[in-house]
$ cat coords36.cif   # mmCIF, C-alpha atoms
data_target
loop_
_atom_site.label_atom_id
_atom_site.label_comp_id
_atom_site.auth_asym_id
_atom_site.auth_seq_id
_atom_site.Cartn_x
_atom_site.Cartn_y
_atom_site.Cartn_z
CA MET A 11 0.00 0.00 0.00
CA LEU A 12 2.70 2.46 1.02
CA ALA A 13 4.89 1.33 -1.86
CA ALA A 14 2.08 2.20 -4.25
CA LEU A 15 1.83 5.67 -2.76
CA TYR A 16 5.58 6.19 -3.00
CA VAL A 17 5.69 5.04 -6.60
CA MET A 18 2.83 7.29 -7.67
CA ALA A 19 4.26 10.24 -5.79
CA GLY A 20 7.64 9.60 -7.39
CA ILE A 21 6.14 9.50 -10.89
CA ALA A 22 4.16 12.65 -10.21
CA ILE A 23 7.19 14.52 -8.92
CA ALA A 24 9.37 13.43 -11.84
CA LEU A 25 6.74 14.42 -14.42
CA GLY A 26 6.01 17.67 -12.60
CA ALA A 27 9.69 18.60 -12.65
CA MET A 28 9.91 17.77 -16.36
CA LEU A 29 6.80 19.82 -17.20
CA GLY A 30 7.95 22.73 -15.06
CA PHE A 31 11.26 22.78 -16.87
CA PHE A 32 9.67 22.72 -20.31
CA ALA A 33 7.02 25.28 -19.34
CA ILE A 34 9.85 27.74 -18.84
CA LYS A 35 11.70 26.61 -21.93
CA PHE A 36 8.65 26.77 -24.24
CA ARG A 37 7.14 29.93 -22.79
CA VAL A 38 4.97 31.71 -25.37
CA GLU A 39 5.80 35.36 -25.78
CA GLY A 40 4.16 38.14 -27.75
CA ASN A 41 0.73 39.70 -27.72
CA PRO A 42 -1.81 36.88 -27.72
CA LEU A 43 -4.58 39.22 -28.89
CA VAL A 44 -2.79 39.96 -32.20
CA ASP A 45 -2.47 36.24 -32.86
CA LYS A 46 -6.13 35.68 -32.06
CA ILE A 47 -7.23 38.46 -34.43
CA ASP A 48 -4.81 37.23 -37.08
CA ALA A 49 -6.35 33.76 -36.83
CA VAL A 50 -9.79 35.19 -37.66
CA LEU A 51 -8.54 37.13 -40.70
CA PRO A 52 -8.63 35.19 -44.00
CA GLN A 53 -4.86 35.45 -44.71
CA THR A 54 -5.25 36.59 -48.30
CA GLN A 55 -2.60 39.30 -47.66
CA CYS A 56 -4.50 41.47 -50.16
CA GLY A 57 -4.01 44.83 -48.50
CA GLN A 58 -7.58 46.02 -49.23
CA CYS A 59 -7.82 47.12 -45.61
CA GLY A 60 -5.06 49.64 -46.19
CA TYR A 61 -2.44 47.66 -44.32
CA PRO A 62 0.30 45.64 -46.01
CA GLY A 63 -1.08 42.29 -44.91
CA CYS A 64 -3.27 40.45 -42.44
CA LYS A 65 -0.81 40.49 -39.54
CA PRO A 66 -0.25 44.28 -39.70
CA TYR A 67 -4.03 44.78 -39.87
CA ALA A 68 -4.44 42.51 -36.86
CA THR A 69 -1.80 44.52 -34.99
CA ALA A 70 -3.59 47.74 -35.92
CA ILE A 71 -6.92 46.39 -34.66
CA ALA A 72 -5.31 45.24 -31.43
CA ASN A 73 -3.85 48.73 -30.89
CA GLY A 74 -7.21 50.34 -31.59
CA GLU A 75 -5.91 52.09 -34.71
CA ALA A 76 -8.16 50.37 -37.25
CA ASP A 77 -11.84 49.51 -37.44
CA ILE A 78 -12.96 45.91 -37.73
CA ASN A 79 -14.95 46.45 -40.96
CA ARG A 80 -12.07 46.78 -43.40
CA CYS A 81 -11.62 43.20 -44.55
CA PRO A 82 -13.67 42.36 -47.68
CA PRO A 83 -12.34 38.79 -48.14
CA GLY A 84 -13.52 37.98 -44.62
CA GLY A 85 -17.02 39.17 -45.48
CA GLU A 86 -19.67 40.09 -42.91
CA ASP A 87 -18.95 36.79 -41.20
CA GLY A 88 -15.42 37.94 -40.56
CA ILE A 89 -16.60 41.21 -39.04
CA ARG A 90 -19.00 39.31 -36.83
CA LYS A 91 -16.22 37.05 -35.60
CA LEU A 92 -13.94 40.01 -34.93
CA ALA A 93 -16.74 41.80 -33.09
CA GLU A 94 -17.31 38.73 -30.96
CA LEU A 95 -13.61 38.31 -30.26
CA LEU A 96 -13.12 41.90 -29.25
CA GLY A 97 -16.44 42.33 -27.47
CA VAL A 98 -17.60 45.26 -29.63
CA GLU A 99 -20.70 45.89 -31.72
CA PHE A 100 -21.02 44.46 -35.23
CA LYS A 101 -20.41 47.10 -37.94
CA PRO A 102 -21.39 46.79 -41.61
CA PHE A 103 -18.82 47.63 -44.28
CA GLY A 104 -18.33 51.39 -44.28
CA GLU A 105 -19.15 53.71 -47.18
CA GLY A 106 -16.15 54.46 -49.32
CA THR A 107 -14.05 51.58 -47.95
CA ALA A 108 -13.50 48.26 -49.67
CA GLN A 109 -16.62 46.12 -50.13
CA PRO A 110 -16.89 42.33 -50.15
CA LYS A 111 -17.28 40.59 -53.53
CA PRO A 112 -17.72 36.99 -54.65
CA LYS A 113 -14.45 35.07 -54.82
CA ALA A 114 -12.77 35.88 -58.12
CA VAL A 115 -9.47 35.54 -59.91
CA ALA A 116 -7.90 38.05 -62.26
CA PHE A 117 -8.06 37.42 -66.02
CA ILE A 118 -5.79 39.07 -68.59
CA ASP A 119 -7.20 39.65 -72.06
CA GLU A 120 -4.19 38.44 -73.97
CA ASN A 121 -5.18 40.20 -77.20
CA ILE A 122 -4.84 43.59 -75.56
CA CYS A 123 -1.84 42.96 -73.25
CA ILE A 124 1.22 44.97 -74.30
CA GLY A 125 3.67 43.23 -71.97
CA CYS A 126 4.46 46.22 -69.74
CA THR A 127 5.11 44.05 -66.60
CA LEU A 128 3.32 46.59 -64.38
CA CYS A 129 0.84 44.00 -63.17
CA THR A 130 3.64 41.53 -62.41
CA GLN A 131 5.22 44.08 -60.11
CA ALA A 132 1.94 44.77 -58.37
CA CYS A 133 1.09 41.12 -57.72
CA PRO A 134 1.83 40.27 -54.05
CA VAL A 135 1.80 36.51 -54.61
CA ASP A 136 3.74 36.24 -57.91
CA ALA A 137 0.70 34.81 -59.68
CA ILE A 138 1.38 36.58 -62.99
CA SER A 139 3.90 35.19 -65.42
CA GLY A 140 5.34 37.09 -68.37
CA ALA A 141 8.36 39.17 -69.37
CA ALA A 142 8.83 42.64 -70.87
CA LYS A 143 7.03 42.97 -74.24
CA GLN A 144 5.76 39.40 -73.89
CA MET A 145 2.19 38.43 -73.25
CA HIS A 146 1.32 38.11 -69.55
CA THR A 147 -0.97 35.57 -68.03
CA ILE A 148 -2.46 34.76 -64.64
CA ILE A 149 -1.48 31.57 -62.86
CA GLU A 150 -4.99 30.90 -61.66
CA PRO A 151 -4.38 28.58 -58.71
CA LEU A 152 -2.03 31.15 -57.15
CA CYS A 153 -4.27 34.19 -57.61
CA THR A 154 -5.88 35.39 -54.37
CA GLY A 155 -8.27 37.79 -56.12
CA CYS A 156 -6.82 40.86 -54.43
CA GLU A 157 -7.33 43.11 -57.49
CA LEU A 158 -4.02 44.90 -56.95
CA CYS A 159 -3.06 44.22 -60.59
CA VAL A 160 -6.21 45.80 -62.04
CA ALA A 161 -5.33 49.44 -61.34
CA PRO A 162 -1.74 49.53 -62.70
CA CYS A 163 -2.69 48.12 -66.13
CA PRO A 164 -2.32 50.96 -68.68
CA VAL A 165 -4.56 49.28 -71.29
CA ASP A 166 -7.23 47.98 -68.89
CA CYS A 167 -6.89 44.40 -70.07
CA ILE A 168 -7.29 42.81 -66.62
CA SER A 169 -10.76 41.90 -65.40
CA MET A 170 -11.94 39.95 -62.36
CA GLU A 171 -13.70 36.68 -63.22
CA PRO A 172 -15.89 35.17 -60.48
CA LEU A 173 -14.79 31.68 -59.52
CA PRO A 174 -17.38 28.87 -59.69
CA GLN A 175 -17.29 26.26 -56.94
CA THR A 176 -15.86 22.94 -58.06
CA ILE A 177 -14.79 19.79 -56.29
CA GLN A 178 -11.16 20.88 -56.68
CA GLY A 179 -11.71 24.45 -55.54
CA TRP A 180 -14.00 23.72 -52.65
CA LYS A 181 -12.67 24.25 -49.18
CA TRP A 182 -13.94 24.15 -45.65
CA GLN A 183 -15.54 27.24 -44.20
CA TYR A 184 -13.49 28.83 -41.48
CA PRO A 185 -14.75 27.50 -38.16
CA VAL A 186 -16.87 29.85 -36.08
CA PHE A 187 -16.17 29.69 -32.38
CA THR A 188 -18.53 31.40 -30.00
CA LEU A 189 -16.54 33.06 -27.25
CA LYS A 190 -18.04 33.48 -23.83
CA GLN A 191 -16.93 36.07 -21.39
CA ALA A 192 -15.57 34.47 -18.24
CA ALA A 193 -17.62 35.49 -15.23
CA MET B 12 16.19 -7.42 -37.69
CA GLU B 13 13.39 -9.37 -39.28
CA HIS B 14 11.62 -9.45 -35.94
CA TYR B 15 11.49 -5.64 -35.78
CA LEU B 16 10.25 -5.39 -39.35
CA PHE B 17 7.51 -7.85 -38.48
CA ILE B 18 6.50 -5.75 -35.49
CA LEU B 19 6.23 -2.66 -37.69
CA ILE B 20 4.24 -4.35 -40.44
CA GLY B 21 2.14 -6.10 -37.86
CA THR B 22 1.19 -2.89 -36.04
CA VAL B 23 0.76 -0.69 -39.10
CA PHE B 24 -1.22 -3.04 -41.32
CA VAL B 25 -2.23 -6.37 -39.81
CA ASN B 26 -3.28 -5.18 -36.36
CA ASN B 27 -3.86 -1.55 -37.22
CA ILE B 28 -4.85 0.09 -33.96
CA VAL B 29 -7.83 1.94 -35.41
CA MET B 30 -9.04 -0.26 -38.24
CA VAL B 31 -8.55 -3.71 -36.74
CA ARG B 32 -8.35 -3.24 -32.97
CA VAL B 33 -10.94 -0.41 -33.16
CA LEU B 34 -9.22 1.77 -30.56
CA GLY B 35 -8.85 5.55 -30.64
CA LEU B 36 -12.01 6.31 -32.57
CA CYS B 37 -12.53 9.73 -30.96
CA PRO B 38 -9.75 11.58 -32.80
CA PHE B 39 -10.24 9.28 -35.79
CA LEU B 40 -13.73 10.70 -36.30
CA GLY B 41 -13.20 14.07 -34.67
CA VAL B 42 -10.09 15.48 -36.35
CA SER B 43 -10.31 13.77 -39.73
CA LYS B 44 -12.26 16.44 -41.57
CA LYS B 45 -9.18 18.08 -43.02
CA LEU B 46 -6.05 16.42 -44.30
CA GLU B 47 -3.56 18.83 -42.68
CA THR B 48 -5.09 18.64 -39.22
CA SER B 49 -5.28 14.87 -39.41
CA ILE B 50 -1.59 14.67 -40.30
CA ALA B 51 -0.77 17.01 -37.43
CA MET B 52 -2.90 14.99 -35.06
CA GLY B 53 -1.20 11.82 -36.27
CA LEU B 54 2.23 13.29 -35.63
CA ALA B 55 1.27 14.57 -32.18
CA THR B 56 -0.15 11.16 -31.30
CA MET B 57 2.95 9.52 -32.71
CA PHE B 58 5.16 11.55 -30.38
CA VAL B 59 3.03 10.82 -27.32
CA LEU B 60 2.49 7.16 -28.13
CA THR B 61 6.12 6.31 -28.90
CA LEU B 62 7.54 8.04 -25.84
CA GLY B 63 4.57 7.03 -23.72
CA SER B 64 4.90 3.34 -24.46
CA GLY B 65 8.65 3.42 -23.81
CA ALA B 66 8.22 5.31 -20.55
CA SER B 67 5.35 3.05 -19.53
CA TYR B 68 7.60 0.05 -20.03
CA LEU B 69 10.25 1.60 -17.79
CA VAL B 70 7.68 2.44 -15.13
CA ASN B 71 6.18 -1.01 -15.28
CA HIS B 72 9.47 -2.92 -15.38
CA TYR B 73 11.49 -0.97 -12.81
CA LEU B 74 8.87 0.50 -10.50
CA LEU B 75 5.69 -1.55 -10.55
CA GLU B 76 6.69 -5.18 -11.06
CA PRO B 77 9.56 -5.34 -8.50
CA HIS B 78 7.19 -4.07 -5.83
CA GLY B 79 4.28 -6.27 -6.84
CA LEU B 80 2.22 -3.28 -7.93
CA ALA B 81 0.99 -4.62 -11.26
CA TYR B 82 -2.53 -3.58 -10.31
CA MET B 83 -1.39 0.06 -10.57
CA GLN B 84 -0.59 -0.25 -14.28
CA THR B 85 -3.59 1.58 -15.71
CA LEU B 86 -3.34 4.43 -13.24
CA SER B 87 0.39 5.02 -13.58
CA PHE B 88 0.35 4.67 -17.38
CA ILE B 89 -2.35 7.32 -17.59
CA VAL B 90 -0.29 9.65 -15.42
CA VAL B 91 2.81 9.13 -17.58
CA ILE B 92 0.81 9.65 -20.80
CA ALA B 93 -0.85 12.78 -19.43
CA GLY B 94 2.58 14.18 -18.72
CA PHE B 95 3.76 13.58 -22.27
CA VAL B 96 0.56 15.08 -23.68
CA GLN B 97 1.14 18.25 -21.66
CA LEU B 98 4.66 18.38 -23.03
CA THR B 99 3.43 18.02 -26.60
CA GLU B 100 0.85 20.72 -26.01
CA MET B 101 3.42 23.18 -24.69
CA PHE B 102 5.76 22.42 -27.55
CA LEU B 103 3.06 22.90 -30.20
CA GLU B 104 1.86 26.15 -28.64
CA LYS B 105 5.40 27.47 -28.84
CA ALA B 106 6.42 26.07 -32.21
CA TYR B 107 3.22 25.96 -34.29
CA PRO B 108 0.56 28.27 -32.76
CA PRO B 109 -1.88 28.01 -35.72
CA LEU B 110 -1.75 24.24 -35.52
CA TYR B 111 -2.25 24.44 -31.77
CA GLN B 112 -5.45 26.41 -32.36
CA VAL B 113 -6.73 24.13 -35.08
CA LEU B 114 -6.28 20.98 -32.98
CA GLY B 115 -7.90 22.74 -30.04
CA ILE B 116 -9.56 20.45 -27.52
CA TYR B 117 -8.43 17.32 -29.34
CA LEU B 118 -4.84 17.92 -28.26
CA PRO B 119 -5.35 17.48 -24.49
CA LEU B 120 -7.82 14.71 -25.35
CA ILE B 121 -4.92 12.59 -26.63
CA THR B 122 -4.65 11.69 -22.93
CA THR B 123 -7.95 9.86 -23.12
CA ASN B 124 -7.28 8.37 -26.53
CA CYS B 125 -7.66 4.71 -25.71
CA ALA B 126 -5.13 3.78 -28.39
CA VAL B 127 -2.50 5.60 -26.37
CA LEU B 128 -3.35 3.65 -23.23
CA GLY B 129 -4.09 0.46 -25.13
CA ILE B 130 -0.62 0.05 -26.59
CA PRO B 131 1.29 0.18 -23.26
CA LEU B 132 -1.21 -2.31 -21.83
CA LEU B 133 -0.79 -4.58 -24.85
CA ASN B 134 2.98 -4.27 -24.39
CA VAL B 135 2.64 -5.59 -20.85
CA GLN B 136 0.30 -8.34 -21.95
CA GLU B 137 2.62 -9.53 -24.70
CA LYS B 138 5.71 -9.20 -22.45
CA HIS B 139 7.65 -6.92 -24.80
CA GLY B 140 11.13 -5.66 -23.93
CA LEU B 141 12.13 -1.98 -24.01
CA LEU B 142 13.02 -1.81 -27.70
CA ASP B 143 10.01 -3.89 -28.67
CA SER B 144 7.78 -1.59 -26.61
CA PHE B 145 9.14 1.50 -28.32
CA LEU B 146 8.73 -0.07 -31.71
CA TYR B 147 5.26 -1.34 -30.92
CA GLY B 148 4.26 2.17 -29.85
CA PHE B 149 5.86 3.73 -32.90
CA GLY B 150 4.28 1.22 -35.28
CA GLY B 151 0.91 1.59 -33.59
CA SER B 152 1.00 5.36 -33.94
CA LEU B 153 2.19 5.03 -37.53
CA GLY B 154 -0.82 2.84 -38.19
CA PHE B 155 -3.01 5.40 -36.44
CA THR B 156 -1.61 8.19 -38.61
CA LEU B 157 -2.04 6.09 -41.73
CA ALA B 158 -5.68 5.41 -40.92
CA MET B 159 -6.29 9.08 -40.06
CA VAL B 160 -4.72 10.36 -43.27
CA LEU B 161 -6.53 7.87 -45.50
CA PHE B 162 -9.82 8.60 -43.78
CA ALA B 163 -9.33 12.38 -43.95
CA GLY B 164 -8.55 12.13 -47.66
CA ILE B 165 -11.74 10.20 -48.28
CA ARG B 166 -13.79 12.58 -46.14
CA GLU B 167 -12.49 15.60 -48.03
CA ARG B 168 -13.67 14.02 -51.26
CA LEU B 169 -16.97 13.08 -49.67
CA GLU B 170 -17.66 16.73 -48.78
CA GLY B 171 -18.00 17.58 -52.46
CA ALA B 172 -19.75 14.36 -53.41
CA ASP B 173 -23.45 13.95 -53.97
CA VAL B 174 -24.36 12.10 -50.78
CA PRO B 175 -28.04 11.31 -50.13
CA GLN B 176 -29.52 13.64 -47.53
CA ILE B 177 -29.99 11.01 -44.81
CA PHE B 178 -26.39 9.81 -45.14
CA LYS B 179 -24.80 13.26 -44.85
CA GLY B 180 -22.23 13.99 -42.14
CA SER B 181 -21.46 11.39 -39.48
CA ALA B 182 -23.52 8.65 -41.09
CA ILE B 183 -21.47 8.45 -44.26
CA ALA B 184 -18.27 8.87 -42.20
CA LEU B 185 -19.13 5.84 -40.09
CA VAL B 186 -20.06 3.78 -43.15
CA THR B 187 -16.75 4.78 -44.72
CA ALA B 188 -14.85 3.82 -41.56
CA GLY B 189 -16.54 0.43 -41.61
CA LEU B 190 -15.63 -0.19 -45.23
CA MET B 191 -12.02 0.88 -44.56
CA SER B 192 -11.90 -1.50 -41.63
CA LEU B 193 -13.13 -4.30 -43.88
CA SER B 194 -10.39 -3.56 -46.38
CA PHE B 195 -7.75 -3.76 -43.63
CA MET B 196 -8.98 -7.30 -42.97
CA GLY B 197 -7.21 -8.13 -46.22
CA PHE B 198 -3.90 -7.86 -44.39
CA SER B 199 -4.77 -10.49 -41.78
CA GLY B 200 -2.36 -13.41 -41.78
CA LEU B 201 0.36 -11.40 -43.50
CA VAL B 202 2.64 -11.55 -40.47
CA LYS B 203 2.52 -13.79 -37.41
CA LEU B 204 3.45 -12.07 -34.17
#
$ encode --input "coords36.cif" --output "structure tokens"
Amino acid sequence: MLAALYVMAGIAIALGAMLGFFAIKFRVEGNPLVDKIDAVLPQTQCGQCGYPGCKPYATAIANGEADINRCPPGGEDGIRKLAELLGVEFKPFGEGTAQPKPKAVAFIDENICIGCTLCTQACPVDAISGAAKQMHTIIEPLCTGCELCVAPCPVDCISMEPLPQTIQGWKWQYPVFTLKQAA
Amino acid sequence: MEHYLFILIGTVFVNNIVMVRVLGLCPFLGVSKKLETSIAMGLATMFVLTLGSGASYLVNHYLLEPHGLAYMQTLSFIVVIAGFVQLTEMFLEKAYPPLYQVLGIYLPLITTNCAVLGIPLLNVQEKHGLLDSFLYGFGGSLGFTLAMVLFAGIRERLEGADVPQIFKGSAIALVTAGLMSLSFMGFSGLVKL
């Protein structure tokens, strides 16, 4: 009976010491709120919110510098999740800021393209192939639909084509967690 | 050498912990909706199971049996496994925070994954040595990962498939698991352990 107690106590102490050691070694640093907000954002890195990517936007939200209704790829769902996470009221997309659209990829009309490479430079994910004075084309699977290439085109040959849902393109919805405030 | 190969083949295919022994169904059904998370879950379980079965052997061989405490096996194994799960959790939170969030509750629940407890107990029952125990744990978790990954792949395809309304969701998943289990029966008799 006593031996059993000693053995269990010994195991518990040994494991406790090991866990204590690794708890210090693997301590998580950084602002947990930024990570939580970043996890809600869709990670398209499109910059439509006015920040260079999702992480900077998340940092700005955490610091109270940006509103939560700036992320079109996230849609109203995204705003709702952010509102829930931060404990603030839901806000619709503001007038004059970016609006949500159906998922689309860019399409270059190759008859018009003059090969100026301006769109290649604008693309944040290197989804446009082509060289100077050569025809450019979109690598569709890589395109995030951020529309950054549309504005620089001098001959307006880039349009956004909505993407139909297929078995290959289908993906899981982002999970929605309901957060409860601890009493 | 052949003996070790047989243990691996035996645990991965012939006596696959999920498909043939039907242990560890909670994560098998719970975290198999996406391929990436199922791989991650498989790897996390692999870490816990391999180290857990080795440590359980040491605890059993050097602490429990010499003192006639074999009746404490289940309890002490669970404690050892829980410790390793905590370690995995801390490591994942530090190294792969997104993964840590995706796995969520299923990570601490590895503790109560009966496959993780089942393998150390089977080790005791079959009187394996230290190396055999390690290998048995590693092979078992490899088999677990294999089953998870196969199942997740099928489930991803099923999401886009035209499944009759009454079969949608868990129903078709369970039917699929049953059919997979049947196909693993094809390995029986491949290796004698």
$ atom_distance --input "coords36.cif" --atom1 "CA of Pro174 (chain A)" --atom2 "CA of Gly85 (chain A)"
17.6 Å
$ resolve_selection --input "coords36.cif" --expression "the PyMOL selection byres ((chain A) within 12 of (chain B))" --output "PDB file with C-alpha atoms, keeping the file's coordinate frame"
ATOM      1  CA  MET A  11       0.000   0.000   0.000  1.00  0.00           C
ATOM      2  CA  LEU A  12       2.700   2.460   1.020  1.00  0.00           C
ATOM      3  CA  ALA A  13       4.890   1.330  -1.860  1.00  0.00           C
ATOM      4  CA  ALA A  14       2.080   2.200  -4.250  1.00  0.00           C
ATOM      5  CA  LEU A  15       1.830   5.670  -2.760  1.00  0.00           C
ATOM      6  CA  TYR A  16       5.580   6.190  -3.000  1.00  0.00           C
ATOM      7  CA  VAL A  17       5.690   5.040  -6.600  1.00  0.00           C
ATOM      8  CA  MET A  18       2.830   7.290  -7.670  1.00  0.00           C
ATOM      9  CA  ALA A  19       4.260  10.240  -5.790  1.00  0.00           C
ATOM     10  CA  GLY A  20       7.640   9.600  -7.390  1.00  0.00           C
ATOM     11  CA  ILE A  21       6.140   9.500 -10.890  1.00  0.00           C
ATOM     12  CA  ALA A  22       4.160  12.650 -10.210  1.00  0.00           C
ATOM     13  CA  ILE A  23       7.190  14.520  -8.920  1.00  0.00           C
ATOM     14  CA  ALA A  24       9.370  13.430 -11.840  1.00  0.00           C
ATOM     15  CA  LEU A  25       6.740  14.420 -14.420  1.00  0.00           C
ATOM     16  CA  GLY A  26       6.010  17.670 -12.600  1.00  0.00           C
ATOM     17  CA  ALA A  27       9.690  18.600 -12.650  1.00  0.00           C
ATOM     18  CA  MET A  28       9.910  17.770 -16.360  1.00  0.00           C
ATOM     19  CA  LEU A  29       6.800  19.820 -17.200  1.00  0.00           C
ATOM     20  CA  GLY A  30       7.950  22.730 -15.060  1.00  0.00           C
ATOM     21  CA  PHE A  31      11.260  22.780 -16.870  1.00  0.00           C
ATOM     22  CA  PHE A  32       9.670  22.720 -20.310  1.00  0.00           C
ATOM     23  CA  ALA A  33       7.020  25.280 -19.340  1.00  0.00           C
ATOM     24  CA  ILE A  34       9.850  27.740 -18.840  1.00  0.00           C
ATOM     25  CA  LYS A  35      11.700  26.610 -21.930  1.00  0.00           C
ATOM     26  CA  PHE A  36       8.650  26.770 -24.240  1.00  0.00           C
ATOM     27  CA  ARG A  37       7.140  29.930 -22.790  1.00  0.00           C
ATOM     28  CA  VAL A  38       4.970  31.710 -25.370  1.00  0.00           C
ATOM     29  CA  GLU A  39       5.800  35.360 -25.780  1.00  0.00           C
ATOM     30  CA  GLY A  40       4.160  38.140 -27.750  1.00  0.00           C
ATOM     31  CA  PRO A  42      -1.810  36.880 -27.720  1.00  0.00           C
ATOM     32  CA  ASP A  45      -2.470  36.240 -32.860  1.00  0.00           C
ATOM     33  CA  LYS A  46      -6.130  35.680 -32.060  1.00  0.00           C
ATOM     34  CA  ILE A  47      -7.230  38.460 -34.430  1.00  0.00           C
ATOM     35  CA  ASP A  48      -4.810  37.230 -37.080  1.00  0.00           C
ATOM     36  CA  ALA A  49      -6.350  33.760 -36.830  1.00  0.00           C
ATOM     37  CA  VAL A  50      -9.790  35.190 -37.660  1.00  0.00           C
ATOM     38  CA  GLN A 175     -17.290  26.260 -56.940  1.00  0.00           C
ATOM     39  CA  THR A 176     -15.860  22.940 -58.060  1.00  0.00           C
ATOM     40  CA  ILE A 177     -14.790  19.790 -56.290  1.00  0.00           C
ATOM     41  CA  GLN A 178     -11.160  20.880 -56.680  1.00  0.00           C
ATOM     42  CA  GLY A 179     -11.710  24.450 -55.540  1.00  0.00           C
ATOM     43  CA  TRP A 180     -14.000  23.720 -52.650  1.00  0.00           C
ATOM     44  CA  LYS A 181     -12.670  24.250 -49.180  1.00  0.00           C
ATOM     45  CA  TRP A 182     -13.940  24.150 -45.650  1.00  0.00           C
ATOM     46  CA  GLN A 183     -15.540  27.240 -44.200  1.00  0.00           C
ATOM     47  CA  TYR A 184     -13.490  28.830 -41.480  1.00  0.00           C
ATOM     48  CA  PRO A 185     -14.750  27.500 -38.160  1.00  0.00           C
ATOM     49  CA  VAL A 186     -16.870  29.850 -36.080  1.00  0.00           C
ATOM     50  CA  PHE A 187     -16.170  29.690 -32.380  1.00  0.00           C
TER      51      PHE A 187
END
$ atom_distance --input "coords36.cif" --atom1 "CA of Leu185 (chain B)" --atom2 "CA of Val33 (chain B)"
12.4 Å
$ atom_distance --input "coords36.cif" --atom1 "CA of Val135 (chain B)" --atom2 "CA of Val59 (chain B)"
17.6 Å
$ resolve_selection --input "coords36.cif" --expression "the PyMOL selection byres ((chain A and resi 100) around 9)" --output "list in words"
Ile78, Asn79, Glu86, Ile89, Arg90, Lys91, Leu92, Ala93, Glu94, Val98, Glu99, Lys101 and Pro102 of chain A
